[in-house]
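Asker: Okay, so here is run.txt, and as you'll see once you scroll down, it has compact mmCIF, C-alpha atoms.
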```txt
# COMPACT_ATOMS: atom_id res chain seq x y z
CA MET O 1 -8.19 -21.64 8.82
CA GLU O 2 -11.85 -22.41 9.50
CA LYS O 3 -12.37 -25.05 12.18
CA LYS O 4 -14.60 -28.01 11.22
CA LEU O 5 -15.86 -30.78 13.46
CA SER O 6 -14.74 -34.32 12.79
CA PHE O 7 -17.20 -37.19 12.40
CA LYS O 8 -16.27 -38.38 15.89
CA GLN O 9 -17.04 -34.93 17.32
CA TYR O 10 -20.42 -34.91 15.55
CA LEU O 11 -21.19 -38.22 17.23
CA TYR O 12 -20.17 -36.86 20.64
CA VAL O 13 -22.31 -33.73 20.26
CA GLY O 14 -25.22 -35.77 18.90
CA SER O 15 -24.86 -38.19 21.80
CA MET O 16 -24.83 -35.29 24.26
CA LEU O 17 -27.98 -33.79 22.73
CA PHE O 18 -29.74 -37.16 22.77
CA GLY O 19 -28.71 -37.63 26.37
CA LEU O 20 -30.11 -34.23 27.31
CA PHE O 21 -33.39 -34.89 25.49
CA PHE O 22 -34.02 -38.45 26.56
CA GLY O 23 -35.28 -38.39 30.12
CA ALA O 24 -38.30 -39.43 32.15
CA GLY O 25 -41.12 -38.74 29.71
CA ASN O 26 -39.22 -40.25 26.81
CA LEU O 27 -39.20 -43.60 28.58
CA ILE O 28 -42.67 -43.71 30.11
CA PHE O 29 -44.97 -42.04 27.58
CA PRO O 30 -44.23 -44.27 24.54
CA ILE O 31 -44.75 -47.35 26.71
CA HIS O 32 -48.10 -46.07 28.05
CA MET O 33 -49.22 -44.96 24.59
CA GLY O 34 -48.43 -48.42 23.26
CA GLN O 35 -50.56 -50.04 25.95
CA GLU O 36 -53.54 -47.78 25.20
CA ALA O 37 -53.22 -47.81 21.39
CA GLY O 38 -52.93 -51.60 21.17
CA GLY O 39 -53.65 -52.72 17.61
CA ASN O 40 -53.66 -49.11 16.41
CA ILE O 41 -50.08 -48.56 17.51
CA PHE O 42 -48.77 -47.78 13.99
CA LEU O 43 -50.93 -44.66 13.54
CA ALA O 44 -50.52 -43.61 17.17
CA ASN O 45 -46.76 -43.95 17.01
CA PHE O 46 -46.64 -42.02 13.72
CA GLY O 47 -48.47 -39.10 15.34
CA PHE O 48 -46.27 -39.36 18.43
CA LEU O 49 -43.09 -39.21 16.34
CA ILE O 50 -44.19 -35.98 14.65
CA THR O 51 -44.35 -34.13 17.97
CA GLY O 52 -41.81 -36.35 19.73
CA ILE O 53 -38.96 -36.04 17.21
CA GLY O 54 -40.24 -33.95 14.27
CA LEU O 55 -40.92 -30.79 16.25
CA PRO O 56 -37.70 -31.02 18.31
CA PHE O 57 -35.73 -31.36 15.09
CA LEU O 58 -37.48 -28.30 13.67
CA GLY O 59 -36.60 -26.52 16.92
CA ILE O 60 -32.93 -27.41 16.44
CA ILE O 61 -33.12 -26.23 12.81
CA ALA O 62 -34.76 -22.96 13.95
CA ILE O 63 -31.93 -22.31 16.43
CA GLY O 64 -29.37 -23.22 13.77
CA ILE O 65 -30.59 -21.24 10.77
CA SER O 66 -31.70 -18.23 12.83
CA ARG O 67 -28.15 -18.10 14.22
CA CYS O 68 -29.57 -17.20 17.62
CA ASN O 69 -27.80 -18.06 20.86
CA GLY O 70 -30.99 -19.22 22.53
CA LEU O 71 -34.74 -19.00 23.03
CA PHE O 72 -34.86 -15.36 24.13
CA GLU O 73 -33.30 -14.11 20.90
CA LEU O 74 -35.71 -16.30 18.91
CA ALA O 75 -38.80 -15.08 20.79
CA ALA O 76 -37.67 -11.44 20.56
CA SER O 77 -38.87 -11.55 16.93
CA VAL O 78 -42.35 -11.03 18.41
CA ASN O 79 -41.26 -8.31 20.83
CA ARG O 80 -38.97 -8.03 23.84
CA CYS O 81 -41.74 -8.16 26.45
CA TYR O 82 -43.18 -11.35 24.95
CA ALA O 83 -39.67 -12.83 24.73
CA VAL O 84 -39.13 -12.35 28.47
CA ILE O 85 -42.55 -13.77 29.43
CA PHE O 86 -42.38 -16.75 27.05
CA THR O 87 -38.76 -17.59 27.91
CA VAL O 88 -39.44 -17.50 31.66
CA LEU O 89 -42.64 -19.56 31.31
CA LEU O 90 -41.03 -22.19 29.07
CA TYR O 91 -37.99 -22.61 31.30
CA LEU O 92 -40.17 -22.88 34.41
CA VAL O 93 -42.21 -25.63 32.69
CA ILE O 94 -39.20 -27.66 31.55
CA GLY O 95 -37.30 -26.69 34.68
CA PRO O 96 -38.25 -26.57 38.36
CA PHE O 97 -42.05 -26.70 38.07
CA PHE O 98 -42.72 -29.78 35.92
CA ALA O 99 -39.95 -31.51 33.97
CA LEU O 100 -37.28 -31.53 36.68
CA PRO O 101 -39.56 -32.82 39.49
CA ARG O 102 -40.86 -35.46 37.07
CA LEU O 103 -37.31 -36.70 36.51
CA ALA O 104 -36.73 -37.41 40.20
CA THR O 105 -40.20 -38.87 40.74
CA THR O 106 -39.92 -41.15 37.71
CA SER O 107 -36.48 -42.33 38.85
CA TYR O 108 -37.86 -43.15 42.26
CA GLU O 109 -41.18 -44.75 41.26
CA ILE O 110 -39.61 -47.01 38.63
CA GLY O 111 -36.18 -47.57 40.07
CA LEU O 112 -36.55 -47.72 43.83
CA SER O 113 -40.23 -47.81 44.82
CA PRO O 114 -40.61 -51.57 44.07
CA PHE O 115 -38.05 -52.26 46.82
CA ILE O 116 -39.58 -49.90 49.42
CA PRO O 117 -42.48 -50.72 51.79
CA GLU O 118 -45.54 -48.63 50.85
CA SER O 119 -45.71 -47.12 54.34
CA LEU O 120 -42.22 -45.62 53.89
CA ASP O 121 -42.70 -44.45 50.29
CA ALA O 122 -43.14 -40.75 51.07
CA LEU O 123 -40.14 -40.65 53.39
CA PHE O 124 -37.82 -42.40 50.93
CA LEU O 125 -39.01 -40.21 48.03
CA PHE O 126 -38.15 -37.14 50.11
CA PHE O 127 -34.58 -38.30 50.76
CA PHE O 128 -34.13 -39.61 47.21
CA SER O 129 -35.18 -36.21 45.78
CA ILE O 130 -32.54 -34.47 47.89
CA ILE O 131 -29.80 -36.90 46.79
CA PHE O 132 -30.88 -36.86 43.12
CA PHE O 133 -30.85 -33.09 42.81
CA GLY O 134 -27.75 -32.83 44.94
CA VAL O 135 -25.86 -34.92 42.37
CA ALA O 136 -27.46 -33.02 39.46
CA TRP O 137 -26.48 -29.72 41.06
CA PHE O 138 -22.89 -30.88 41.55
CA LEU O 139 -22.51 -31.98 37.92
CA SER O 140 -24.20 -28.79 36.63
CA ARG O 141 -21.63 -26.45 38.18
CA LYS O 142 -19.39 -26.65 35.10
CA PRO O 143 -21.55 -26.62 31.93
CA SER O 144 -18.43 -26.88 29.76
CA LYS O 145 -18.08 -30.46 31.06
CA LEU O 146 -21.52 -31.53 29.75
CA LEU O 147 -19.99 -33.19 26.67
CA ASP O 148 -17.83 -35.40 28.91
CA TYR O 149 -20.51 -36.19 31.49
CA VAL O 150 -23.39 -36.87 29.12
CA GLY O 151 -22.09 -37.44 25.60
CA LYS O 152 -19.10 -39.63 26.38
CA PHE O 153 -20.15 -41.51 29.52
CA LEU O 154 -23.73 -41.39 30.82
CA ASN O 155 -25.51 -41.68 27.47
CA PRO O 156 -23.58 -44.66 26.02
CA LEU O 157 -24.02 -46.50 29.33
CA PHE O 158 -27.77 -45.74 29.32
CA LEU O 159 -28.21 -46.92 25.70
CA GLY O 160 -26.37 -50.16 26.39
CA LEU O 161 -28.53 -51.03 29.39
CA LEU O 162 -31.79 -50.10 27.64
CA GLY O 163 -30.76 -52.17 24.63
CA ILE O 164 -30.55 -55.29 26.81
CA LEU O 165 -34.18 -54.88 27.93
CA LEU O 166 -35.46 -54.18 24.39
CA ILE O 167 -33.68 -57.24 22.97
CA PHE O 168 -35.41 -59.51 25.51
CA ALA O 169 -38.79 -57.89 24.76
CA PHE O 170 -38.58 -58.56 21.02
CA ILE O 171 -37.01 -62.02 21.25
CA SER O 172 -39.86 -63.18 23.48
CA PRO O 173 -42.91 -60.91 22.97
CA MET O 174 -45.62 -60.89 25.62
CA GLY O 175 -48.49 -60.74 23.15
CA GLU O 176 -49.61 -60.16 19.57
CA ILE O 177 -49.97 -56.51 18.57
CA ALA O 178 -52.67 -57.15 15.95
CA SER O 179 -55.01 -58.63 18.56
CA ALA O 180 -54.22 -56.10 21.32
CA LYS O 181 -57.25 -54.20 22.66
CA VAL O 182 -57.55 -50.58 21.55
CA SER O 183 -58.58 -48.03 24.21
CA ALA O 184 -61.49 -45.70 23.45
CA ASN O 185 -59.40 -42.59 22.84
CA TYR O 186 -57.30 -44.44 20.21
CA GLN O 187 -60.18 -46.00 18.29
CA ALA O 188 -61.36 -43.01 16.24
CA HIS O 189 -58.35 -40.66 16.36
CA ALA O 190 -55.25 -42.80 16.94
CA PHE O 191 -52.97 -40.48 14.95
CA ILE O 192 -54.19 -37.25 16.59
CA THR O 193 -54.13 -38.78 20.08
CA GLY O 194 -50.55 -39.92 19.53
CA PHE O 195 -49.71 -36.46 18.16
CA THR O 196 -50.97 -34.63 21.26
CA ASN O 197 -49.43 -37.25 23.58
CA GLY O 198 -46.08 -36.31 22.07
CA TYR O 199 -46.44 -32.97 23.88
CA ASN O 200 -45.79 -34.81 27.13
CA THR O 201 -42.18 -35.55 26.25
CA LEU O 202 -41.53 -31.76 26.38
CA ASP O 203 -38.90 -32.23 23.65
CA ALA O 204 -40.09 -29.46 21.33
CA LEU O 205 -39.79 -27.09 24.28
CA ALA O 206 -36.47 -28.63 25.27
CA SER O 207 -35.09 -28.15 21.74
CA LEU O 208 -35.51 -24.39 22.20
CA ALA O 209 -34.08 -24.54 25.70
CA PHE O 210 -31.07 -26.72 24.82
CA GLY O 211 -30.17 -24.52 21.86
CA ILE O 212 -27.93 -22.43 24.10
CA ILE O 213 -26.08 -25.55 25.29
CA ILE O 214 -25.41 -27.07 21.86
CA VAL O 215 -24.29 -23.72 20.38
CA THR O 216 -21.97 -23.13 23.36
CA THR O 217 -20.57 -26.66 23.11
CA ILE O 218 -19.77 -26.29 19.41
CA LYS O 219 -18.12 -22.92 20.06
CA ASN O 220 -16.04 -24.48 22.85
CA MET O 221 -14.81 -27.06 20.33
CA GLY O 222 -13.21 -24.24 18.33
CA VAL O 223 -15.88 -23.47 15.72
CA GLU O 224 -16.24 -19.69 15.34
CA LYS O 225 -17.97 -19.02 12.01
CA THR O 226 -21.71 -18.46 12.52
CA SER O 227 -22.79 -20.34 9.40
CA THR O 228 -20.62 -23.33 10.37
CA ILE O 229 -22.11 -23.37 13.89
CA ALA O 230 -25.59 -23.40 12.32
CA LYS O 231 -24.70 -26.33 10.03
CA ASP O 232 -23.02 -28.28 12.86
CA THR O 233 -26.03 -27.72 15.12
CA ILE O 234 -28.39 -29.22 12.55
CA LEU O 235 -26.10 -32.16 11.69
CA ALA O 236 -25.50 -33.08 15.34
CA GLY O 237 -29.22 -32.68 16.01
CA SER O 238 -30.13 -35.07 13.21
CA ILE O 239 -28.05 -37.81 14.86
CA SER O 240 -29.87 -37.50 18.18
CA ILE O 241 -33.31 -37.27 16.54
CA ILE O 242 -32.84 -40.46 14.48
CA VAL O 243 -31.79 -42.45 17.56
CA MET O 244 -34.71 -41.04 19.56
CA GLY O 245 -37.20 -42.02 16.85
CA ILE O 246 -35.94 -45.62 16.79
CA ILE O 247 -36.12 -45.96 20.59
CA TYR O 248 -39.58 -44.33 20.80
CA THR O 249 -40.92 -46.79 18.25
CA LEU O 250 -39.39 -49.81 19.98
CA LEU O 251 -40.77 -48.72 23.37
CA ALA O 252 -44.23 -48.08 21.93
CA TYR O 253 -44.36 -51.54 20.37
CA VAL O 254 -43.14 -53.14 23.60
CA GLY O 255 -45.98 -51.34 25.39
CA ALA O 256 -48.52 -52.67 22.87
CA MET O 257 -47.22 -56.22 23.27
CA SER O 258 -47.28 -55.96 27.07
CA VAL O 259 -51.11 -55.84 27.26
CA GLY O 260 -51.01 -59.54 26.40
CA GLN O 261 -49.55 -60.04 29.88
CA PHE O 262 -50.56 -57.00 31.98
CA PRO O 263 -53.55 -54.66 32.27
CA ILE O 264 -53.08 -51.03 31.16
CA SER O 265 -51.19 -49.29 33.96
CA GLU O 266 -51.84 -45.94 35.60
CA ASN O 267 -48.68 -44.53 34.02
CA GLY O 268 -45.83 -45.74 31.85
CA GLY O 269 -43.47 -45.96 34.80
CA ILE O 270 -45.48 -48.77 36.35
CA ALA O 271 -45.68 -50.57 32.99
CA LEU O 272 -41.93 -50.32 32.45
CA ALA O 273 -41.27 -51.79 35.91
CA GLN O 274 -43.64 -54.70 35.19
CA ILE O 275 -42.00 -55.41 31.83
CA ALA O 276 -38.47 -55.41 33.29
CA ASN O 277 -39.51 -57.70 36.13
CA HIS O 278 -41.28 -60.05 33.69
CA TYR O 279 -38.18 -60.62 31.59
CA LEU O 280 -35.37 -60.38 34.11
CA GLY O 281 -36.96 -60.79 37.54
CA GLY O 282 -35.12 -59.09 40.40
CA ILE O 283 -32.11 -58.47 38.17
CA GLY O 284 -34.46 -56.73 35.73
CA SER O 285 -35.69 -54.41 38.43
CA ILE O 286 -32.11 -53.48 39.34
CA LEU O 287 -31.23 -53.01 35.65
CA LEU O 288 -34.28 -50.81 35.15
CA ALA O 289 -33.41 -48.75 38.22
CA ILE O 290 -29.97 -48.01 36.74
CA ILE O 291 -31.44 -47.24 33.27
CA VAL O 292 -34.04 -44.83 34.59
CA ILE O 293 -31.81 -43.03 37.07
CA LEU O 294 -29.14 -42.54 34.36
CA ALA O 295 -31.75 -41.32 31.84
CA CYS O 296 -33.24 -38.86 34.28
CA LEU O 297 -29.97 -37.67 35.80
CA LYS O 298 -28.38 -36.72 32.48
CA THR O 299 -31.48 -34.78 31.43
CA ALA O 300 -31.65 -33.07 34.84
CA ILE O 301 -28.05 -31.88 34.40
CA GLY O 302 -28.90 -30.41 31.00
CA LEU O 303 -32.11 -28.72 32.17
CA ILE O 304 -30.50 -27.18 35.25
CA SER O 305 -27.60 -25.89 33.14
CA ALA O 306 -29.85 -24.49 30.38
CA PHE O 307 -32.22 -22.90 32.91
CA SER O 308 -29.38 -21.28 34.84
CA GLU O 309 -27.44 -20.03 31.81
CA THR O 310 -30.58 -18.43 30.38
CA PHE O 311 -31.77 -16.87 33.64
CA THR O 312 -28.28 -15.50 34.28
CA LYS O 313 -28.55 -13.58 30.99
CA LEU O 314 -32.14 -12.45 31.68
CA PHE O 315 -31.42 -11.43 35.28
CA PRO O 316 -27.67 -10.61 35.40
CA ARG O 317 -27.79 -9.41 39.01
CA ARG O 318 -27.90 -13.07 40.05
CA SER O 319 -25.07 -15.51 39.39
CA TYR O 320 -25.07 -18.87 37.62
CA ALA O 321 -24.37 -20.50 40.99
CA PHE O 322 -27.55 -18.93 42.43
CA PHE O 323 -29.74 -20.26 39.63
CA ILE O 324 -28.38 -23.82 39.66
CA ALA O 325 -29.09 -23.87 43.41
CA LEU O 326 -32.62 -22.52 42.86
CA SER O 327 -33.36 -24.96 40.02
CA SER O 328 -32.16 -27.85 42.19
CA ILE O 329 -33.93 -26.96 45.45
CA LEU O 330 -37.39 -26.19 43.99
CA PRO O 331 -37.82 -29.46 42.05
CA ALA O 332 -36.52 -31.41 45.05
CA ILE O 333 -39.56 -30.02 46.90
CA PHE O 334 -42.10 -30.41 44.07
CA ALA O 335 -41.02 -33.98 43.30
CA ASN O 336 -42.79 -35.14 46.45
CA VAL O 337 -46.19 -34.52 44.84
CA GLY O 338 -45.89 -37.82 42.93
CA LEU O 339 -45.56 -38.77 39.25
CA THR O 340 -49.24 -39.16 38.36
CA LYS O 341 -50.17 -35.78 39.88
CA ILE O 342 -47.24 -34.01 38.22
CA ILE O 343 -48.38 -35.35 34.83
CA SER O 344 -52.01 -34.28 35.42
CA PHE O 345 -51.01 -30.79 36.62
CA SER O 346 -48.65 -30.23 33.69
CA LEU O 347 -51.08 -31.18 30.91
CA PRO O 348 -53.09 -27.91 30.74
CA VAL O 349 -49.87 -25.88 30.84
CA LEU O 350 -48.42 -27.95 27.99
CA MET O 351 -51.59 -27.56 25.92
CA PHE O 352 -51.16 -23.79 26.31
CA ILE O 353 -47.45 -23.40 25.74
CA TYR O 354 -46.88 -26.01 23.00
CA PRO O 355 -48.82 -24.13 20.27
CA LEU O 356 -46.78 -21.01 21.02
CA ALA O 357 -43.54 -22.99 20.75
CA ILE O 358 -44.66 -24.68 17.51
CA THR O 359 -45.62 -21.41 15.81
CA LEU O 360 -42.38 -19.74 16.94
CA ILE O 361 -40.33 -22.62 15.52
CA LEU O 362 -42.17 -22.62 12.19
CA LEU O 363 -42.06 -18.83 11.84
CA SER O 364 -38.31 -18.81 12.53
CA ILE O 365 -37.71 -21.40 9.79
CA ILE O 366 -39.86 -19.71 7.10
CA GLY O 367 -38.96 -16.18 8.27
CA PRO O 368 -36.89 -15.36 5.15
CA LEU O 369 -40.14 -15.53 3.11
CA PHE O 370 -41.39 -12.39 4.86
CA GLN O 371 -38.03 -10.85 5.84
CA HIS O 372 -38.75 -11.74 9.49
CA GLN O 373 -41.25 -8.87 9.70
CA SER O 374 -42.20 -8.51 13.37
CA PHE O 375 -45.93 -8.03 12.76
CA VAL O 376 -46.11 -11.48 11.06
CA TYR O 377 -44.69 -12.98 14.24
CA GLN O 378 -46.99 -10.78 16.35
CA LEU O 379 -50.29 -11.48 14.59
CA THR O 380 -49.61 -15.22 14.39
CA THR O 381 -48.64 -15.34 18.07
CA TYR O 382 -51.52 -13.19 19.35
CA PHE O 383 -54.13 -15.25 17.48
CA THR O 384 -52.46 -18.44 18.76
CA VAL O 385 -52.41 -17.23 22.38
CA VAL O 386 -56.20 -16.90 22.52
CA ALA O 387 -56.81 -20.40 21.16
CA ALA O 388 -54.00 -21.88 23.27
CA ILE O 389 -55.68 -20.55 26.43
CA LEU O 390 -58.86 -22.39 25.40
CA ASP O 391 -56.89 -25.61 24.73
CA GLY O 392 -55.29 -25.27 28.17
CA LEU O 393 -58.66 -24.75 29.87
CA SER O 394 -60.08 -27.79 28.06
CA ALA O 395 -57.27 -29.96 29.48
CA SER O 396 -57.50 -28.47 32.99
CA PRO O 397 -58.71 -30.36 36.10
CA ASP O 398 -62.47 -30.69 36.61
CA PHE O 399 -62.60 -28.12 39.41
CA ILE O 400 -61.53 -25.50 36.84
CA LYS O 401 -63.15 -26.88 33.71
CA ASN O 402 -66.55 -27.37 35.30
CA THR O 403 -66.93 -23.83 36.65
CA GLU O 404 -69.83 -21.99 35.01
CA PHE O 405 -67.66 -19.37 33.30
CA VAL O 406 -65.10 -21.80 31.87
CA HIS O 407 -67.80 -24.30 30.88
CA SER O 408 -69.68 -21.67 28.86
CA ILE O 409 -66.49 -20.53 27.06
CA LEU O 410 -65.54 -24.10 26.20
CA ASN O 411 -69.02 -24.79 24.82
CA ILE O 412 -68.58 -21.91 22.38
CA ALA O 413 -65.12 -23.19 21.41
CA TYR O 414 -66.45 -26.71 20.78
CA ARG O 415 -69.15 -25.31 18.51
CA TYR O 416 -67.20 -22.77 16.47
CA LEU O 417 -63.45 -23.53 16.69
CA PRO O 418 -62.26 -26.17 14.17
CA PHE O 419 -60.26 -29.11 15.57
CA PHE O 420 -60.85 -27.97 19.15
CA GLU O 421 -62.33 -31.31 20.17
CA ILE O 422 -59.06 -33.08 19.30
CA GLY O 423 -56.81 -30.60 21.12
CA LEU O 424 -55.74 -28.64 18.03
CA GLY O 425 -57.97 -25.60 18.36
CA TRP O 426 -54.96 -23.33 17.87
CA VAL O 427 -54.27 -24.42 14.28
CA MET O 428 -56.91 -22.32 12.48
CA PRO O 429 -56.38 -19.10 14.49
CA ALA O 430 -52.62 -19.41 13.99
CA ALA O 431 -53.11 -19.84 10.23
CA ILE O 432 -55.45 -16.83 10.09
CA GLY O 433 -52.99 -14.68 12.07
CA PHE O 434 -50.14 -15.75 9.81
CA LEU O 435 -52.05 -15.01 6.59
CA LEU O 436 -53.12 -11.60 7.89
CA GLY O 437 -49.53 -10.80 8.88
CA LEU O 438 -48.23 -12.06 5.53
CA GLY O 439 -50.79 -9.93 3.68
CA LEU O 440 -49.76 -6.84 5.61
CA SER O 441 -46.10 -7.67 4.96
CA ILE O 442 -46.68 -7.88 1.20
CA GLY O 443 -48.79 -4.71 1.27
CA LYS O 444 -46.10 -2.83 3.17
CA ARG O 445 -43.40 -3.90 0.71
CA ASN O 446 -45.53 -2.84 -2.27
CA LEU O 447 -46.22 0.53 -0.66
CA GLU O 448 -42.55 1.07 0.09
CA GLY O 449 -41.72 0.09 -3.50
CA LYS O 450 -44.12 2.69 -4.91
CA ARG O 451 -42.75 5.38 -2.61
CA SER O 452 -39.19 4.64 -3.70
CA LYS O 453 -40.18 5.21 -7.34
CA ILE O 454 -41.70 8.63 -6.61
```
The structure given in the file should be rewritten as structure tokens.
Answerer:
Amino acid sequence: MEKKLSFKQYLYVGSMLFGLFFGAGNLIFPIHMGQEAGGNIFLANFGFLITGIGLPFLGIIAIGISRCNGLFELAASVNRCYAVIFTVLLYLVIGPFFALPRLATTSYEIGLSPFIPESLDALFLFFFSIIFFGVAWFLSRKPSKLLDYVGKFLNPLFLGLLGILLIFAFISPMGEIASAKVSANYQAHAFITGFTNGYNTLDALASLAFGIIIVTTIKNMGVEKTSTIAKDTILAGSISIIVMGIIYTLLAYVGAMSVGQFPISENGGIALAQIANHYLGGIGSILLAIIVILACLKTAIGLISAFSETFTKLFPRRSYAFFIALSSILPAIFANVGLTKIISFSLPVLMFIYPLAITLILLSIIGPLFQHQSFVYQLTTYFTVVAAILDGLSASPDFIKNTEFVHSILNIAYRYLPFFEIGLGWVMPAAIGFLLGLGLSIGKRNLEGKRSKI
């Protein structure tokens, strides 16, 4: 008899997936966007939700309907070499190089830094990083226990504590949204700015990375039929995405209201600490510390597990134990760079890799239209790669962007590449590559049809 998940099991899996998704960036970026968007928060939040929850949900659907076990199988539709490179790059971005260090640094800067003398900040961050990733490493040793750790315990506790803060914020708002000042970058293109800011959550990338965890979890619950696993993946994913969208919107509006009391902060972590202290004083700071550390810890467990399971399959000479150690030690070192610097360093990489993830997700979903012909994937991806490099260079630090060579290339892109000035220069090349690939696919089928009649 075919095994089917109960409603309660759907909730547990959905809770686990939400818990894995919702980490550092998911807390701090909506708040900061709200502060900058001010009176234009509706359009900004709408754009943010498309990349913040829409793309991750499409990623979950892509994993589900493609019936793949993870990102590598999905990316192999382009070719095996690209699959290896893209999989390694994506997991390094959402793993030890950017997302994982950001989790520890966000936990520290929001949760503990307010209680630490500035002169001792670096020392305490160093020790906190070791403890944080030590705990994450310990809980990542048995990935089969993720449903218990995250779905049944850590995530409900996190949601309850965050709910307390949000209730206070809406019962007694700090300012009127309609009269909130709108920052320059949200005045003309609020929707597009919110859309590209949604990249920072890393959730579209995480949806591809966490695919292996959710599929494995559902299999461990006794579901064996591939089509049922695909359906369960999408249903459980829809639960987590709906909850994420609600919380993003509430946080963004709290951020917009907060400018009635505070100036726009350097990052959302600072703003969140100010808001918690405003409503709950010292107790608020302690509450926020618990909220943030829980949010970041549960996501760290998921990222370390997903990174290690995938790298074990890519590089089978090394064990799962080796990779969870590696993905715990490296971010413990990189976390000491600081939150603001980690965000600035990651932006050009995200502007490069996000278009590749988006096109892969969309191609996987509409693949039946062209029988998943590899050259449709290839042409779309190759055209996207060129434009994505330009988008990454445009978002790079000044010491790179202002070099004579890069400056001249970007000038050409600004003049001739549609949407480049708003960070979407990849859209037109991707569309051209797709249409060329689709045309070749149709031509090949027609040619094969004529040959079969001869």
Asker: Just checking: using all atoms listed in the file, which residue out of O:Ile28, O:His372, O:Val215, O:Glu176 ends up closest to Asp232 (chain O)?
Answerer: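 With all atoms listed in the file as the atom set, the closest residue is O:Val215.
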Asker: Can you build me a table of region 422-444 of chain O residues sitting at most 9 Å from region 378-387 of chain O, with the closest atom pair per residue and its distance in Å to one decimal, using all atoms listed in the file, sorted by chain and residue number, as a Markdown table?
Answerer:
```
| residue | atom | partner | partner_atom | distance |
| --- | --- | --- | --- | --- |
| O:Leu424 | CA | O:Ala387 | CA | 8.9 |
| O:Gly425 | CA | O:Ala387 | CA | 6.0 |
| O:Trp426 | CA | O:Ala387 | CA | 4.8 |
| O:Val427 | CA | O:Thr384 | CA | 7.7 |
| O:Met428 | CA | O:Thr384 | CA | 8.6 |
| O:Pro429 | CA | O:Phe383 | CA | 5.4 |
| O:Ala430 | CA | O:Thr384 | CA | 4.9 |
| O:Ala431 | CA | O:Thr380 | CA | 7.1 |
| O:Ile432 | CA | O:Thr380 | CA | 7.4 |
| O:Gly433 | CA | O:Thr380 | CA | 4.1 |
| O:Phe434 | CA | O:Thr380 | CA | 4.6 |
| O:Leu435 | CA | O:Thr380 | CA | 8.2 |
| O:Leu436 | CA | O:Leu379 | CA | 7.3 |
| O:Gly437 | CA | O:Leu379 | CA | 5.8 |
```
Asker: Given the choices O:Ala306, O:Ser441, O:Asn411, O:Ile286, which gets closest to Pro368 (chain O) if the distance is worked out from only C-alpha atoms?
Answerer: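 Comparing O:Ala306, O:Ser441, O:Asn411, O:Ile286 against Pro368 (chain O), the winner is O:Ser441.
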Asker: Extract, using all atoms listed in the file, all DNA, RNA and protein residues at most 7 Å from region 251-260 of chain O, discarding same-chain residues fewer than 4 positions from it, and format them as number ranges by chain.
Answerer: O: 30-35, 37-38, 41, 45, 169, 173-177, 180, 247, 264
Asker: Quick one: residues within 7 Å of region 158-164 of chain O, all atoms listed in the file, excluding same-chain residues fewer than 5 positions away - as a ChimeraX atom specification?
Answerer: /O:291,294-295
Asker: Taking into account only C-alpha atoms, which residue in the set O:Ile412, O:Leu202, O:Leu362, O:Ala190 is nearest to Gly59 (chain O)?
Answerer: O:Leu362
Asker: Write out as JSON an axis-aligned box for region 271-280 of chain O: all of its atoms listed in the file, 8 Å added on each side, centre and edge lengths in Å with one decimal.
Answerer:
```
{"center_x": -40.5, "center_y": -55.5, "center_z": 33.9, "size_x": 26.3, "size_y": 26.3, "size_z": 20.5}
```
Asker: When you draw a straight line from CA of Cys296 (chain O) to CA of Phe46 (chain O), how long is it in Å?
Answerer: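 Distance reported for this atom pair: 24.7 Å.
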Asker: Contacts of Ser207 (chain O) at 9 Å or less, counting all atoms listed in the file, minus same-chain residues fewer than 6 places along, as an MDAnalysis selection string?
Answerer: chainID O and resid 21 55:60 63
Asker: I need region 128-135 of chain O written out with N, CA and C atoms, as a PDB file, in the first residue's frame; please produce it.
Answerer:
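Contents of part-v9.pdb, as written:
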```pdb
ATOM      1  N   PHE O 128      32.520  33.510  20.302  1.00  0.00           N
ATOM      2  CA  PHE O 128      31.132  33.186  19.986  1.00  0.00           C
ATOM      3  C   PHE O 128      31.051  32.357  18.706  1.00  0.00           C
ATOM      4  N   SER O 129      31.852  32.707  17.698  1.00  0.00           N
ATOM      5  CA  SER O 129      31.857  31.977  16.424  1.00  0.00           C
ATOM      6  C   SER O 129      32.228  30.516  16.643  1.00  0.00           C
ATOM      7  N   ILE O 130      33.215  30.289  17.500  1.00  0.00           N
ATOM      8  CA  ILE O 130      33.640  28.914  17.794  1.00  0.00           C
ATOM      9  C   ILE O 130      32.508  28.130  18.465  1.00  0.00           C
ATOM     10  N   ILE O 131      31.853  28.753  19.461  1.00  0.00           N
ATOM     11  CA  ILE O 131      30.768  28.073  20.179  1.00  0.00           C
ATOM     12  C   ILE O 131      29.581  27.834  19.244  1.00  0.00           C
ATOM     13  N   PHE O 132      29.211  28.861  18.456  1.00  0.00           N
ATOM     14  CA  PHE O 132      28.060  28.771  17.557  1.00  0.00           C
ATOM     15  C   PHE O 132      28.223  27.614  16.571  1.00  0.00           C
ATOM     16  N   PHE O 133      29.373  27.560  15.917  1.00  0.00           N
ATOM     17  CA  PHE O 133      29.574  26.515  14.918  1.00  0.00           C
ATOM     18  C   PHE O 133      29.912  25.169  15.554  1.00  0.00           C
ATOM     19  N   GLY O 134      30.371  25.196  16.790  1.00  0.00           N
ATOM     20  CA  GLY O 134      30.540  23.945  17.506  1.00  0.00           C
ATOM     21  C   GLY O 134      29.198  23.272  17.765  1.00  0.00           C
ATOM     22  N   VAL O 135      28.199  24.066  18.187  1.00  0.00           N
ATOM     23  CA  VAL O 135      26.853  23.537  18.419  1.00  0.00           C
ATOM     24  C   VAL O 135      26.221  23.095  17.100  1.00  0.00           C
TER      25      VAL O 135
END
```
